[in-house]
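For reference, the structure is listed below as structure tokens.
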Amino acid sequence: MARAELEQVMKDLCLAVKADFIPWSKSRHAGDKDRSLNWKVGLWRRTTITNVSGYSFTDRLILTTFYTAGIAHCPSYSQFDHRTIYAVEAIEAETEHGKAVTDKPGFMRRFGQPILPDPCDVLYSLSCDADAIDYSTFDAWATNYGLDVDSRKAEKTWRDCLEIGLALRNGLGEDGLRKLREAAQDY
């Protein structure tokens, strides 16, 4: 039910998520122990403008940010036993190329459809990040999330989240942001 609510709000607000894949080796997570799928995502809103000849539509970029999903979102993860050598190699290929591996063990590597993030997952993540606008100070936000108030890394995260929240409020309006956050609450 929560997915349906989030999809409806996305439709009502005329939102679209567009994503550009970033190879794991070139992502901000390249040094991490675990691989991940990485994208630069843009949240777009279609607006209708009435002009002398009728209506015209304009897509307006609300924000761009980076989005990451774990290897459980790789098609090979669920298609094969992810603990086998073949599955590990397929997941490595998918996190590097951003396309689903379509071959079977022992065949030459082939790729299929691009792997895209789930728009509802992206909106949920952005909605969670937007919570930062509810805190008047970094200290209040950090304390609520159990983070060290003396951490520069935590403060950067708060500023990034604050920027996302403000961009969403600016692009959707106060009422639109409220609807998005309510729909994402139980996702």
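Chain labels A, B, ... are given in the sequence in which chains occur in the structure tokens; within each chain residues are numbered consecutively from 1, and ligands are likewise numbered from 1 in the order shown.
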Write out, as CSV, each residue of stretch 11-39 of chain A that has an atom at most 12 Å from stretch 109-132 of chain A, together with the closest pair of atoms and their distance in Å to one decimal, counting only C-alpha atoms, rows going by chain and rising number.
residue,atom,partner,partner_atom,distance
A:Lys11,CA,A:Cys120,CA,11.3
A:Leu15,CA,A:Pro119,CA,9.5
A:Ala16,CA,A:Pro119,CA,7.6
A:Val17,CA,A:Pro119,CA,5.8
A:Lys18,CA,A:Pro119,CA,8.5
A:Ala19,CA,A:Leu116,CA,6.9
A:Asp20,CA,A:Leu116,CA,8.4
A:Phe21,CA,A:Leu116,CA,7.8
A:Ile22,CA,A:Ile115,CA,11.0
A:Pro23,CA,A:Ile115,CA,11.6
A:Ser36,CA,A:Pro117,CA,11.9
A:Leu37,CA,A:Ile115,CA,8.6
A:Asn38,CA,A:Pro117,CA,8.8
A:Trp39,CA,A:Pro117,CA,7.9
For the selection you just gave me, I'd like the residues written to a file as a JSON list (two decimals), in the first residue's frame, keeping N, CA and C atoms.
[["chain", "number", "residue", "atom", "x", "y", "z"],
["A", 11, "LYS", "N", 2.93, 10.71, -9.30],
["A", 11, "LYS", "CA", 2.08, 11.04, -10.45],
["A", 11, "LYS", "C", 1.40, 12.40, -10.25],
["A", 15, "LEU", "N", 6.33, 14.01, -11.07],
["A", 15, "LEU", "CA", 7.75, 13.83, -10.81],
["A", 15, "LEU", "C", 8.32, 12.69, -11.64],
["A", 16, "ALA", "N", 9.56, 12.83, -12.03],
["A", 16, "ALA", "CA", 10.28, 11.77, -12.74],
["A", 16, "ALA", "C", 11.71, 11.74, -12.21],
["A", 17, "VAL", "N", 12.22, 10.52, -12.09],
["A", 17, "VAL", "CA", 13.61, 10.33, -11.66],
["A", 17, "VAL", "C", 14.39, 9.86, -12.88],
["A", 18, "LYS", "N", 15.45, 10.57, -13.19],
["A", 18, "LYS", "CA", 16.34, 10.18, -14.29],
["A", 18, "LYS", "C", 17.70, 9.88, -13.68],
["A", 19, "ALA", "N", 18.32, 8.80, -14.17],
["A", 19, "ALA", "CA", 19.56, 8.35, -13.55],
["A", 19, "ALA", "C", 20.65, 8.08, -14.59],
["A", 20, "ASP", "N", 21.86, 8.48, -14.25],
["A", 20, "ASP", "CA", 23.06, 8.16, -15.04],
["A", 20, "ASP", "C", 23.94, 7.25, -14.19],
["A", 21, "PHE", "N", 24.25, 6.09, -14.74],
["A", 21, "PHE", "CA", 25.04, 5.11, -14.01],
["A", 21, "PHE", "C", 26.49, 5.58, -13.84],
["A", 22, "ILE", "N", 27.05, 5.28, -12.68],
["A", 22, "ILE", "CA", 28.46, 5.56, -12.39],
["A", 22, "ILE", "C", 29.12, 4.24, -12.04],
["A", 23, "PRO", "N", 30.15, 3.81, -12.79],
["A", 23, "PRO", "CA", 30.83, 2.56, -12.45],
["A", 23, "PRO", "C", 31.35, 2.61, -11.01],
["A", 36, "SER", "N", 28.84, -1.68, -4.84],
["A", 36, "SER", "CA", 27.50, -1.11, -4.84],
["A", 36, "SER", "C", 27.17, -0.62, -6.24],
["A", 37, "LEU", "N", 25.89, -0.41, -6.49],
["A", 37, "LEU", "CA", 25.42, 0.24, -7.71],
["A", 37, "LEU", "C", 25.34, 1.73, -7.41],
["A", 38, "ASN", "N", 25.79, 2.56, -8.33],
["A", 38, "ASN", "CA", 25.85, 4.00, -8.08],
["A", 38, "ASN", "C", 25.33, 4.78, -9.28],
["A", 39, "TRP", "N", 24.58, 5.82, -8.99],
["A", 39, "TRP", "CA", 24.03, 6.68, -10.03],
["A", 39, "TRP", "C", 24.11, 8.14, -9.61]]
Task: Filtered DSSP result for stretch 95-128 of chain A, state strand (DSSP E or B), as a list in words - done: Lys99, Ala100, Val101, Phe111, Gly112, Gln113 and Pro114 of chain A
Would you write out those residues with C-alpha atoms, as a JSON list (two decimals), in the first residue's frame?
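File produced: again.json:
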[["chain", "number", "residue", "atom", "x", "y", "z"],
["A", 99, "LYS", "CA", 23.76, -3.49, -17.18],
["A", 100, "ALA", "CA", 22.28, -6.86, -16.26],
["A", 101, "VAL", "CA", 24.47, -9.86, -17.03],
["A", 111, "PHE", "CA", 24.92, -7.59, -21.04],
["A", 112, "GLY", "CA", 21.22, -6.85, -21.23],
["A", 113, "GLN", "CA", 19.06, -4.03, -19.95],
["A", 114, "PRO", "CA", 20.48, -1.10, -17.98]]
- [ ] For A:Cys14, list every protein, DNA or RNA residue within 10 Å, evaluated using only C-alpha atoms, and leave out those in the same chain fewer than 2 positions away; present the list as a ChimeraX atom specification.
- [x] /A:8-12,16,44-48,59,172
Same residues, N, CA and C atoms, output as a JSON list (two decimals), in the first residue's frame:
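Wrote it out as part_2.json, contents follow:
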[["chain", "number", "residue", "atom", "x", "y", "z"],
["A", 8, "GLN", "N", 1.44, 7.32, -6.40],
["A", 8, "GLN", "CA", 0.37, 8.28, -6.66],
["A", 8, "GLN", "C", 0.85, 9.70, -6.45],
["A", 9, "VAL", "N", 1.60, 9.94, -5.38],
["A", 9, "VAL", "CA", 2.14, 11.28, -5.13],
["A", 9, "VAL", "C", 3.10, 11.67, -6.25],
["A", 10, "MET", "N", 3.89, 10.71, -6.70],
["A", 10, "MET", "CA", 4.81, 10.97, -7.81],
["A", 10, "MET", "C", 4.04, 11.38, -9.06],
["A", 11, "LYS", "N", 2.93, 10.71, -9.30],
["A", 11, "LYS", "CA", 2.08, 11.04, -10.45],
["A", 11, "LYS", "C", 1.40, 12.40, -10.25],
["A", 12, "ASP", "N", 0.83, 12.62, -9.06],
["A", 12, "ASP", "CA", 0.14, 13.88, -8.77],
["A", 12, "ASP", "C", 1.05, 15.09, -8.88],
["A", 16, "ALA", "N", 9.56, 12.83, -12.03],
["A", 16, "ALA", "CA", 10.28, 11.77, -12.74],
["A", 16, "ALA", "C", 11.71, 11.74, -12.21],
["A", 44, "TRP", "N", 13.05, 15.47, -11.57],
["A", 44, "TRP", "CA", 12.45, 16.42, -12.51],
["A", 44, "TRP", "C", 10.97, 16.55, -12.23],
["A", 45, "ARG", "N", 10.45, 17.75, -12.52],
["A", 45, "ARG", "CA", 9.02, 18.00, -12.37],
["A", 45, "ARG", "C", 8.49, 18.61, -13.65],
["A", 46, "ARG", "N", 7.43, 18.01, -14.16],
["A", 46, "ARG", "CA", 6.79, 18.53, -15.37],
["A", 46, "ARG", "C", 5.77, 19.58, -14.96],
["A", 47, "THR", "N", 5.86, 20.73, -15.54],
["A", 47, "THR", "CA", 4.89, 21.79, -15.26],
["A", 47, "THR", "C", 4.14, 22.12, -16.54],
["A", 48, "THR", "N", 2.90, 22.51, -16.38],
["A", 48, "THR", "CA", 2.06, 22.88, -17.50],
["A", 48, "THR", "C", 1.95, 24.40, -17.55],
["A", 59, "ASP", "N", 9.82, 20.48, -18.47],
["A", 59, "ASP", "CA", 10.43, 19.68, -17.41],
["A", 59, "ASP", "C", 11.45, 20.55, -16.71],
["A", 172, "LEU", "N", 8.93, 21.67, -4.97],
["A", 172, "LEU", "CA", 7.60, 21.08, -4.82],
["A", 172, "LEU", "C", 6.63, 21.97, -4.07]]
- [ ] Give the alpha helix (DSSP H) residues of stretch 30-169 of chain A, as assigned by DSSP on the backbone, as a PyMOL selection string.
- [x] chain A and resi 75-79+85-97+119-129+138-144+152-169
Include C-alpha atoms and write out the residues we just selected as a PDB file, in the first residue's frame.
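Done, and the output landed in part_37.pdb:
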ATOM      1  CA  PRO A  75      19.869  -8.765 -11.081  1.00  0.00           C
ATOM      2  CA  SER A  76      22.565 -11.442 -10.664  1.00  0.00           C
ATOM      3  CA  TYR A  77      22.170 -11.385  -6.899  1.00  0.00           C
ATOM      4  CA  SER A  78      18.710 -12.929  -7.044  1.00  0.00           C
ATOM      5  CA  GLN A  79      19.215 -14.843 -10.297  1.00  0.00           C
ATOM      6  CA  ILE A  85      32.287 -17.521  -8.061  1.00  0.00           C
ATOM      7  CA  TYR A  86      30.119 -16.954 -11.130  1.00  0.00           C
ATOM      8  CA  ALA A  87      27.627 -14.772  -9.222  1.00  0.00           C
ATOM      9  CA  VAL A  88      30.453 -12.753  -7.670  1.00  0.00           C
ATOM     10  CA  GLU A  89      31.908 -12.129 -11.145  1.00  0.00           C
ATOM     11  CA  ALA A  90      28.467 -11.237 -12.543  1.00  0.00           C
ATOM     12  CA  ILE A  91      27.844  -8.785  -9.677  1.00  0.00           C
ATOM     13  CA  GLU A  92      31.268  -7.232 -10.253  1.00  0.00           C
ATOM     14  CA  ALA A  93      30.413  -6.809 -13.946  1.00  0.00           C
ATOM     15  CA  GLU A  94      26.999  -5.318 -13.165  1.00  0.00           C
ATOM     16  CA  THR A  95      28.412  -2.819 -10.665  1.00  0.00           C
ATOM     17  CA  GLU A  96      31.011  -1.751 -13.245  1.00  0.00           C
ATOM     18  CA  HIS A  97      28.860  -1.633 -16.386  1.00  0.00           C
ATOM     19  CA  PRO A 119      12.073   5.725  -8.443  1.00  0.00           C
ATOM     20  CA  CYS A 120      10.134   5.015  -5.229  1.00  0.00           C
ATOM     21  CA  ASP A 121      13.368   4.048  -3.463  1.00  0.00           C
ATOM     22  CA  VAL A 122      14.991   7.277  -4.641  1.00  0.00           C
ATOM     23  CA  LEU A 123      12.037   9.404  -3.503  1.00  0.00           C
ATOM     24  CA  TYR A 124      11.977   7.641  -0.146  1.00  0.00           C
ATOM     25  CA  SER A 125      15.688   8.320   0.331  1.00  0.00           C
ATOM     26  CA  LEU A 126      15.307  11.977  -0.649  1.00  0.00           C
ATOM     27  CA  SER A 127      12.333  12.314   1.688  1.00  0.00           C
ATOM     28  CA  CYS A 128      14.379  10.909   4.580  1.00  0.00           C
ATOM     29  CA  ASP A 129      17.237  13.283   3.797  1.00  0.00           C
ATOM     30  CA  PHE A 138      23.407  20.653  13.271  1.00  0.00           C
ATOM     31  CA  ASP A 139      23.737  19.767  16.962  1.00  0.00           C
ATOM     32  CA  ALA A 140      20.007  19.057  17.252  1.00  0.00           C
ATOM     33  CA  TRP A 141      20.034  16.893  14.109  1.00  0.00           C
ATOM     34  CA  ALA A 142      23.185  15.001  15.107  1.00  0.00           C
ATOM     35  CA  THR A 143      21.902  14.355  18.621  1.00  0.00           C
ATOM     36  CA  ASN A 144      18.618  12.983  17.271  1.00  0.00           C
ATOM     37  CA  ARG A 152      33.077  17.231  10.473  1.00  0.00           C
ATOM     38  CA  LYS A 153      31.870  14.270   8.401  1.00  0.00           C
ATOM     39  CA  ALA A 154      28.506  14.251  10.192  1.00  0.00           C
ATOM     40  CA  GLU A 155      28.192  18.012   9.729  1.00  0.00           C
ATOM     41  CA  LYS A 156      28.842  17.637   5.981  1.00  0.00           C
ATOM     42  CA  THR A 157      26.135  14.965   5.823  1.00  0.00           C
ATOM     43  CA  TRP A 158      23.706  17.308   7.603  1.00  0.00           C
ATOM     44  CA  ARG A 159      24.514  20.123   5.185  1.00  0.00           C
ATOM     45  CA  ASP A 160      24.002  17.796   2.202  1.00  0.00           C
ATOM     46  CA  CYS A 161      20.661  16.630   3.628  1.00  0.00           C
ATOM     47  CA  LEU A 162      19.653  20.206   4.372  1.00  0.00           C
ATOM     48  CA  GLU A 163      20.434  21.170   0.770  1.00  0.00           C
ATOM     49  CA  ILE A 164      18.249  18.311  -0.484  1.00  0.00           C
ATOM     50  CA  GLY A 165      15.390  19.309   1.826  1.00  0.00           C
ATOM     51  CA  LEU A 166      15.533  22.936   0.741  1.00  0.00           C
ATOM     52  CA  ALA A 167      15.691  21.978  -2.951  1.00  0.00           C
ATOM     53  CA  LEU A 168      12.653  19.728  -2.532  1.00  0.00           C
ATOM     54  CA  ARG A 169      10.713  22.435  -0.713  1.00  0.00           C
TER      55      ARG A 169
END
Open item on the list: Please report the interatomic distance between atom CA of A:Gly171 and atom CA of A:Ala183 in Å with one decimal.
Closed with: 17.1 Å
